[in-house]
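Student: To be precise about what I am sending: the file is called model06.cif and holds mmCIF, C-alpha atoms.
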```
data_data
loop_
_atom_site.label_atom_id
_atom_site.label_comp_id
_atom_site.auth_asym_id
_atom_site.auth_seq_id
_atom_site.Cartn_x
_atom_site.Cartn_y
_atom_site.Cartn_z
CA MET A 123 14.47 97.80 -32.85
CA HIS A 124 13.22 96.64 -36.23
CA LYS A 125 15.87 95.76 -38.79
CA TYR A 126 15.80 96.05 -42.57
CA GLY A 127 18.59 95.38 -45.00
CA LEU A 128 20.07 94.84 -48.42
CA ILE A 129 21.55 91.62 -49.78
CA GLY A 130 24.02 91.59 -52.64
CA LYS A 131 27.59 90.68 -53.42
CA THR A 132 29.37 94.05 -53.21
CA LEU A 133 27.58 96.79 -51.29
CA ASN A 134 30.26 99.39 -50.46
CA HIS A 135 28.45 102.12 -52.38
CA SER A 136 24.88 101.04 -51.78
CA PHE A 137 22.09 103.56 -52.30
CA SER A 138 19.65 101.74 -50.01
CA LYS A 139 21.55 101.99 -46.71
CA ALA A 140 22.11 105.74 -47.04
CA PHE A 141 18.54 106.35 -48.24
CA PHE A 142 16.79 104.39 -45.50
CA THR A 143 19.10 105.57 -42.69
CA LYS A 144 18.26 109.17 -43.62
CA TYR A 145 14.56 108.29 -44.04
CA PHE A 146 14.43 106.71 -40.58
CA GLU A 147 16.13 109.75 -39.01
CA GLU A 148 13.89 112.29 -40.75
CA ASN A 149 10.71 110.42 -39.79
CA ASN A 150 11.74 109.46 -36.24
CA ILE A 151 11.49 105.76 -37.04
CA ASP A 152 13.23 103.45 -34.54
CA ALA A 153 14.82 101.11 -37.06
CA ALA A 154 18.19 100.17 -38.54
CA TYR A 155 19.17 99.35 -42.11
CA LEU A 156 22.02 96.88 -42.62
CA ASN A 157 24.08 95.67 -45.55
CA PHE A 158 24.44 91.90 -45.96
CA GLU A 159 27.24 91.05 -48.38
CA LEU A 160 26.81 87.42 -49.37
CA PRO A 161 29.53 85.54 -51.28
CA GLU A 162 26.81 83.17 -52.53
CA ILE A 163 23.02 83.12 -52.39
CA ASN A 164 22.65 80.04 -50.17
CA LYS A 165 23.93 82.16 -47.25
CA ILE A 166 20.54 83.92 -47.38
CA GLU A 167 19.08 81.38 -44.94
CA GLU A 168 21.30 82.82 -42.19
CA VAL A 169 20.00 86.32 -42.91
CA PHE A 170 16.36 85.17 -42.89
CA HIS A 171 16.73 83.97 -39.29
CA LEU A 172 18.07 87.22 -37.83
CA GLU A 173 16.04 88.56 -34.91
CA ASN A 174 13.69 91.50 -35.62
CA LEU A 175 14.35 91.44 -39.37
CA LYS A 176 11.29 92.97 -41.03
CA GLY A 177 12.26 93.36 -44.69
CA LEU A 178 15.01 93.02 -47.28
CA ASN A 179 16.04 94.59 -50.54
CA VAL A 180 17.86 92.46 -53.11
CA THR A 181 20.44 93.65 -55.62
CA ILE A 182 23.00 92.32 -58.11
CA PRO A 183 23.54 89.43 -58.66
CA TYR A 184 20.78 87.82 -56.60
CA LYS A 185 17.47 89.17 -57.98
CA GLU A 186 16.84 85.92 -59.84
CA GLN A 187 18.93 83.54 -57.71
CA ILE A 188 16.91 84.30 -54.56
CA ILE A 189 13.62 83.00 -55.97
CA PRO A 190 14.07 79.30 -54.99
CA PHE A 191 14.63 80.37 -51.36
CA LEU A 192 11.27 82.16 -51.10
CA ASP A 193 7.89 80.74 -50.10
CA GLU A 194 5.79 82.90 -52.42
CA LEU A 195 6.05 85.53 -55.15
CA SER A 196 3.79 88.49 -55.78
CA ILE A 197 1.97 88.51 -59.12
CA GLU A 198 4.41 91.09 -60.52
CA ALA A 199 7.54 89.34 -59.27
CA ASN A 200 6.29 86.07 -60.75
CA SER A 201 5.55 87.71 -64.11
CA ILE A 202 8.89 89.50 -64.19
CA GLY A 203 10.98 86.59 -62.92
CA ALA A 204 13.05 88.77 -60.59
CA VAL A 205 12.77 89.90 -56.96
CA ASN A 206 14.21 93.03 -55.33
CA VAL A 207 12.11 93.10 -52.14
CA VAL A 208 11.45 90.38 -49.56
CA GLN A 209 8.52 90.74 -47.19
CA PHE A 210 8.21 88.61 -44.04
CA SER A 211 4.53 87.81 -43.53
CA ASN A 212 2.91 85.13 -41.35
CA GLY A 213 6.12 83.14 -41.16
CA LYS A 214 6.67 83.26 -44.93
CA GLU A 215 9.26 84.94 -47.11
CA ILE A 216 7.42 86.64 -49.98
CA GLY A 217 9.23 88.08 -53.01
CA HIS A 218 8.11 91.32 -54.63
CA ASN A 219 9.39 93.48 -57.47
CA THR A 220 9.31 97.26 -56.95
CA ASP A 221 11.87 97.96 -59.70
CA ALA A 222 9.03 97.93 -62.22
CA PHE A 223 7.03 100.47 -60.19
CA GLY A 224 10.11 102.67 -59.72
CA PHE A 225 11.03 102.63 -63.40
CA HIS A 226 7.47 103.39 -64.47
CA GLN A 227 7.28 106.38 -62.12
CA MET A 228 10.65 107.65 -63.34
CA ILE A 229 9.98 107.54 -67.08
CA LYS A 230 6.36 108.76 -67.09
CA PRO A 231 7.26 112.45 -67.52
CA PHE A 232 9.69 111.70 -70.36
CA LEU A 233 7.82 109.31 -72.66
CA THR A 234 6.29 110.73 -75.85
CA ASN A 235 4.58 109.24 -78.90
CA LYS A 236 8.03 108.99 -80.52
CA HIS A 237 8.99 106.31 -78.03
CA GLU A 238 7.35 103.32 -79.70
CA ARG A 239 10.37 101.01 -79.43
CA ALA A 240 13.04 100.55 -76.78
CA LEU A 241 16.53 99.10 -76.94
CA ILE A 242 17.38 97.26 -73.70
CA LEU A 243 21.05 96.64 -72.95
CA GLY A 244 21.50 93.58 -70.73
CA THR A 245 19.43 90.55 -69.76
CA GLY A 246 19.74 90.37 -65.94
CA GLY A 247 17.14 90.85 -63.23
CA ALA A 248 16.90 94.62 -63.69
CA SER A 249 16.27 94.30 -67.43
CA LYS A 250 13.36 91.94 -66.76
CA ALA A 251 11.56 94.63 -64.74
CA ILE A 252 12.24 97.25 -67.44
CA LYS A 253 10.85 94.96 -70.15
CA TYR A 254 7.77 94.30 -68.03
CA VAL A 255 7.07 98.04 -67.81
CA PHE A 256 7.57 98.68 -71.52
CA LYS A 257 5.32 95.76 -72.46
CA SER A 258 2.61 97.13 -70.14
CA LEU A 259 2.90 100.47 -71.97
CA GLY A 260 2.74 98.88 -75.42
CA VAL A 261 6.36 99.75 -76.23
CA ASP A 262 8.09 97.23 -78.50
CA ILE A 263 11.42 95.87 -77.21
CA ILE A 264 14.73 94.83 -78.74
CA THR A 265 17.26 93.27 -76.35
CA ILE A 266 21.04 93.50 -76.61
CA SER A 267 23.02 90.69 -75.01
CA ARG A 268 26.56 89.32 -74.97
CA THR A 269 24.96 85.96 -75.79
CA PRO A 270 21.87 86.73 -77.87
CA LYS A 271 19.08 84.16 -78.11
CA GLY A 272 15.81 84.37 -80.01
CA PRO A 273 14.48 86.65 -82.74
CA LYS A 274 14.54 89.95 -80.81
CA GLU A 275 17.95 89.58 -79.16
CA PHE A 276 21.09 90.94 -80.79
CA SER A 277 24.75 91.39 -79.88
CA TYR A 278 26.32 94.76 -79.07
CA GLU A 279 28.13 94.64 -82.41
CA ASP A 280 24.75 94.42 -84.16
CA ILE A 281 23.58 97.86 -82.96
CA ASN A 282 23.49 100.12 -86.00
CA GLU A 283 21.96 103.32 -87.34
CA HIS A 284 18.82 101.56 -88.58
CA MET A 285 18.20 100.03 -85.14
CA LEU A 286 18.64 103.36 -83.36
CA ASN A 287 16.40 105.14 -85.87
CA ALA A 288 13.68 102.68 -84.88
CA CYS A 289 14.39 102.70 -81.12
CA LYS A 290 14.17 106.18 -79.63
CA VAL A 291 14.53 104.88 -76.05
CA VAL A 292 17.74 103.17 -74.90
CA VAL A 293 18.14 101.69 -71.40
CA ASN A 294 21.41 100.39 -70.00
CA CYS A 295 20.54 97.65 -67.48
CA THR A 296 24.12 96.41 -67.11
CA PRO A 297 26.42 97.41 -64.21
CA ILE A 298 29.18 98.48 -66.63
CA GLY A 299 30.37 101.97 -65.70
CA THR A 300 29.45 101.75 -62.01
CA PHE A 301 31.89 103.35 -59.54
CA PRO A 302 34.81 102.75 -59.28
CA ASN A 303 34.95 101.63 -62.94
CA VAL A 304 33.79 105.02 -64.19
CA GLU A 305 35.81 104.96 -67.42
CA GLU A 306 34.05 101.83 -68.67
CA SER A 307 31.05 101.71 -70.99
CA VAL A 308 29.14 99.17 -73.02
CA VAL A 309 30.09 99.00 -76.69
CA PHE A 310 27.69 101.42 -78.37
CA PRO A 311 27.55 103.56 -81.57
CA PHE A 312 26.82 106.90 -79.90
CA GLU A 313 27.15 108.76 -83.21
CA PHE A 314 23.72 107.47 -84.28
CA LEU A 315 21.92 109.11 -81.34
CA THR A 316 19.86 112.27 -81.91
CA GLU A 317 17.92 114.85 -79.89
CA GLU A 318 14.87 112.58 -80.28
CA HIS A 319 16.51 109.85 -78.17
CA LEU A 320 15.90 109.26 -74.47
CA VAL A 321 18.89 107.40 -73.02
CA ILE A 322 18.59 105.92 -69.53
CA ASP A 323 21.31 104.33 -67.42
CA LEU A 324 20.02 102.50 -64.32
CA ILE A 325 23.38 103.22 -62.65
CA TYR A 326 23.25 106.10 -60.12
CA ASN A 327 26.90 106.14 -58.99
CA PRO A 328 28.36 108.07 -60.74
CA ALA A 329 25.39 110.33 -61.46
CA GLU A 330 26.61 110.69 -65.04
CA THR A 331 28.25 107.54 -66.38
CA LEU A 332 30.54 107.55 -69.40
CA PHE A 333 27.62 106.00 -71.29
CA LEU A 334 25.36 108.93 -70.40
CA ARG A 335 28.07 111.51 -71.03
CA LYS A 336 28.70 110.23 -74.55
CA SER A 337 24.95 110.07 -75.18
CA LYS A 338 24.54 113.69 -74.08
CA GLU A 339 27.39 114.75 -76.36
CA ASN A 340 25.27 113.38 -79.21
CA ASN A 341 22.23 115.46 -78.16
CA ALA A 342 20.20 112.72 -76.46
CA THR A 343 18.12 113.43 -73.35
CA ILE A 344 19.72 111.49 -70.50
CA LEU A 345 18.44 110.07 -67.23
CA ASN A 346 20.17 108.08 -64.48
CA GLY A 347 18.63 105.57 -62.09
CA GLU A 348 18.43 107.65 -58.89
CA SER A 349 14.76 108.59 -59.23
CA MET A 350 13.83 104.97 -59.95
CA LEU A 351 15.66 103.86 -56.80
CA LYS A 352 13.83 106.38 -54.60
CA HIS A 353 10.43 105.34 -55.98
CA GLN A 354 11.16 101.62 -55.62
CA ALA A 355 12.55 102.10 -52.08
CA LEU A 356 9.45 103.91 -50.84
CA LYS A 357 7.28 101.23 -52.44
CA ALA A 358 9.34 98.60 -50.60
CA TRP A 359 8.72 100.43 -47.31
CA GLU A 360 4.99 100.41 -48.06
CA ILE A 361 5.07 96.64 -48.67
CA TRP A 362 7.04 95.90 -45.49
CA ASN A 363 4.67 97.98 -43.39
CA SER A 364 1.49 96.53 -44.84
CA GLU A 365 2.37 93.60 -42.57
CA ASN A 366 4.04 95.46 -39.72
CA GLU A 367 1.28 97.94 -38.87
#
```
Could you express the structure from this file as structure tokens?

Tutor:
Amino acid sequence: MHKYGLIGKTLNHSFSKAFFTKYFEENNIDAAYLNFELPEINKIEEVFHLENLKGLNVTIPYKEQIIPFLDELSIEANSIGAVNVVQFSNGKEIGHNTDAFGFHQMIKPFLTNKHERALILGTGGASKAIKYVFKSLGVDIITISRTPKGPKEFSYEDINEHMLNACKVVVNCTPIGTFPNVEESVVFPFEFLTEEHLVIDLIYNPAETLFLRKSKENNATILNGESMLKHQALKAWEIWNSENE
């Protein structure tokens, strides 16, 4: 039986295991999907050597840390600087990024000509894929970080009405508000949101985070990360099976 899996630090409420287990059942695929909780990234070598392992997903906090353990990166993963899919091909571990594909597919129906600038909350591996997509679409980016660096990075306390008037898309790429910490949210001036704003939270559990709920209360259109995850997961399956056919 072929094995696939997810590596991360805390995977109790993982989307991937439930998604792929159901996918395998519905499509009569003889495969298993496993969670690999790693206390530190150097334990990845043990996972790589498991028998019949055909592909891996990668989640927080290892999307960037895994790169030195890989033999090659796809063009996109190299450009983004983050990996969420590992393909085993001809004895090599190859890193890919399907987060960018998933995010692009998710936001396509929602983007309008009002969305010229985006405010990205967070600077981790997920945010790198989101920035990559926006740059490819010609959307200008402002990044919010706890430790801002450079001319287009600001702190959470810097977010103001002027900034939100300019940025009609807001994307939370941080894990703040993920179950079970559902009453937590990033520091954000929700009162400056309007019906012209599209607010996205990459979190999918809960389906409506406190961040999204407060955004909706201020008339913004809201979107969680579930659709992105489904698109990126199916793209991962396509990558794994380009070698396994």

Student: Do you know which residues are at most 10 Å from His353 in chain A counting only C-alpha atoms, after dropping those on the same chain fewer than 6 positions away, and could you put them as a PyMOL selection string?

Tutor: chain A and resi 220-228

Student: Separation of CA of Pro311 in chain A and CA of Glu238 in chain A, in Å?

Tutor: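 For CA of Pro311 in chain A relative to CA of Glu238 in chain A, the distance reads 20.3 Å.
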
Student: Using the chain letters and numbers from the file, which residues does the PyMOL selection byres ((chain A and resi 288) around 12) grab, as a list in words?

Tutor: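 For this structure, the PyMOL selection byres ((chain A and resi 288) around 12) resolves to Lys236, His237, Glu238, Arg239, Ala240, Leu241, Val261, Asp262, Ile263, Ile264, Ile281, Asn282, Glu283, His284, Met285, Leu286, Asn287, Cys289, Lys290, Val291, Val292, Phe314, Leu315, Thr316, Glu318 and His319 of chain A.
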
Student: Translate the PyMOL selection byres ((chain A and resi 248-255) around 9), as applied to the file shown, into an explicit residue set as number ranges by chain.

Tutor: A: 181-182, 185, 198-199, 201-204, 206, 219-223, 225-226, 240, 242-247, 256-261, 263, 293-296, 324

Student: For this structure, which residues satisfy the selection - the PyMOL selection byres ((chain A and resi 363) around 12) - when it is evaluated on the file as given? I want them as a PDB file with C-alpha atoms, keeping the file's coordinate frame.

Tutor:
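Output file part.pdb is given in full below:
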```pdb
ATOM      1  CA  HIS A 124      13.220  96.640 -36.230  1.00  0.00           C
ATOM      2  CA  TYR A 126      15.800  96.050 -42.570  1.00  0.00           C
ATOM      3  CA  LYS A 176      11.290  92.970 -41.030  1.00  0.00           C
ATOM      4  CA  GLY A 177      12.260  93.360 -44.690  1.00  0.00           C
ATOM      5  CA  VAL A 208      11.450  90.380 -49.560  1.00  0.00           C
ATOM      6  CA  GLN A 209       8.520  90.740 -47.190  1.00  0.00           C
ATOM      7  CA  PHE A 210       8.210  88.610 -44.040  1.00  0.00           C
ATOM      8  CA  SER A 211       4.530  87.810 -43.530  1.00  0.00           C
ATOM      9  CA  LEU A 356       9.450 103.910 -50.840  1.00  0.00           C
ATOM     10  CA  LYS A 357       7.280 101.230 -52.440  1.00  0.00           C
ATOM     11  CA  ALA A 358       9.340  98.600 -50.600  1.00  0.00           C
ATOM     12  CA  TRP A 359       8.720 100.430 -47.310  1.00  0.00           C
ATOM     13  CA  GLU A 360       4.990 100.410 -48.060  1.00  0.00           C
ATOM     14  CA  ILE A 361       5.070  96.640 -48.670  1.00  0.00           C
ATOM     15  CA  TRP A 362       7.040  95.900 -45.490  1.00  0.00           C
ATOM     16  CA  SER A 364       1.490  96.530 -44.840  1.00  0.00           C
ATOM     17  CA  GLU A 365       2.370  93.600 -42.570  1.00  0.00           C
ATOM     18  CA  ASN A 366       4.040  95.460 -39.720  1.00  0.00           C
ATOM     19  CA  GLU A 367       1.280  97.940 -38.870  1.00  0.00           C
TER      20      GLU A 367
END
```

Student: Just the number, please: distance in Å from CA of Ile322 in chain A to CA of Val309 in chain A, one decimal.

Tutor: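 Separation between CA of Ile322 in chain A and CA of Val309 in chain A: 15.2 Å.
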
Student: Using all atoms listed in the file, tabulate the residues of range 225-247 of chain A lying at most 12 Å from any atom of range 336-343 of chain A, each with its closest atom pair and that distance in Å to one decimal, by chain and increasing residue number, as a Markdown table.

Tutor:
```
| residue | atom | partner | partner_atom | distance |
| --- | --- | --- | --- | --- |
| A:Ile229 | CA | A:Thr343 | CA | 11.8 |
| A:Phe232 | CA | A:Thr343 | CA | 9.1 |
| A:Leu233 | CA | A:Thr343 | CA | 11.1 |
```

Student: When distances are computed from all atoms listed in the file, which of A:Asn327, A:Ile216, A:Lys274, A:His171 shows the smallest separation from Ile189 in chain A?

Tutor: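 Closest residue, counting all atoms listed in the file: A:Ile216.
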
Student: With a distance cut-off of 12 Å and all atoms listed in the file, select the neighbouring residues of range 143-147 of chain A, excluding the residue or stretch itself and same-chain residues fewer than 5 positions from it, and output the selection as a list in words.

Tutor: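 Once the nearby chain positions are removed, what remains is Met123, His124, Lys125, Tyr126, Gly127, Ser136, Phe137, Ser138, Asp152, Ala153, Ala154, Tyr155, Leu156, Asn157, Lys352, Ala355, Leu356 and Trp359 of chain A.
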
Student: List the spatial neighbours of Ile325 in chain A as a ChimeraX atom specification - criterion: any atom at most 8 Å away, all atoms listed in the file, same-chain residues fewer than 5 positions off excluded.

Tutor: /A:295,297,299-300,331,346-348

Student: Pick the closest to Phe191 in chain A from A:Glu313, A:Glu159, A:Glu275, A:Glu215: which is it, counting all atoms listed in the file?

Tutor: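 Looking at the shortest contact to Phe191 in chain A, the residue is A:Glu215.
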
Student: So that I can check the surroundings of Phe333 in chain A, please list as a list in words every protein, DNA and RNA residue that reaches within 8 Å of it, counting only C-alpha atoms and ignoring chain neighbours fewer than 5 positions away.

Tutor: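 Using only C-alpha atoms, the neighbours found are Gly299, Ser307, Val308 and Asp323 of chain A.
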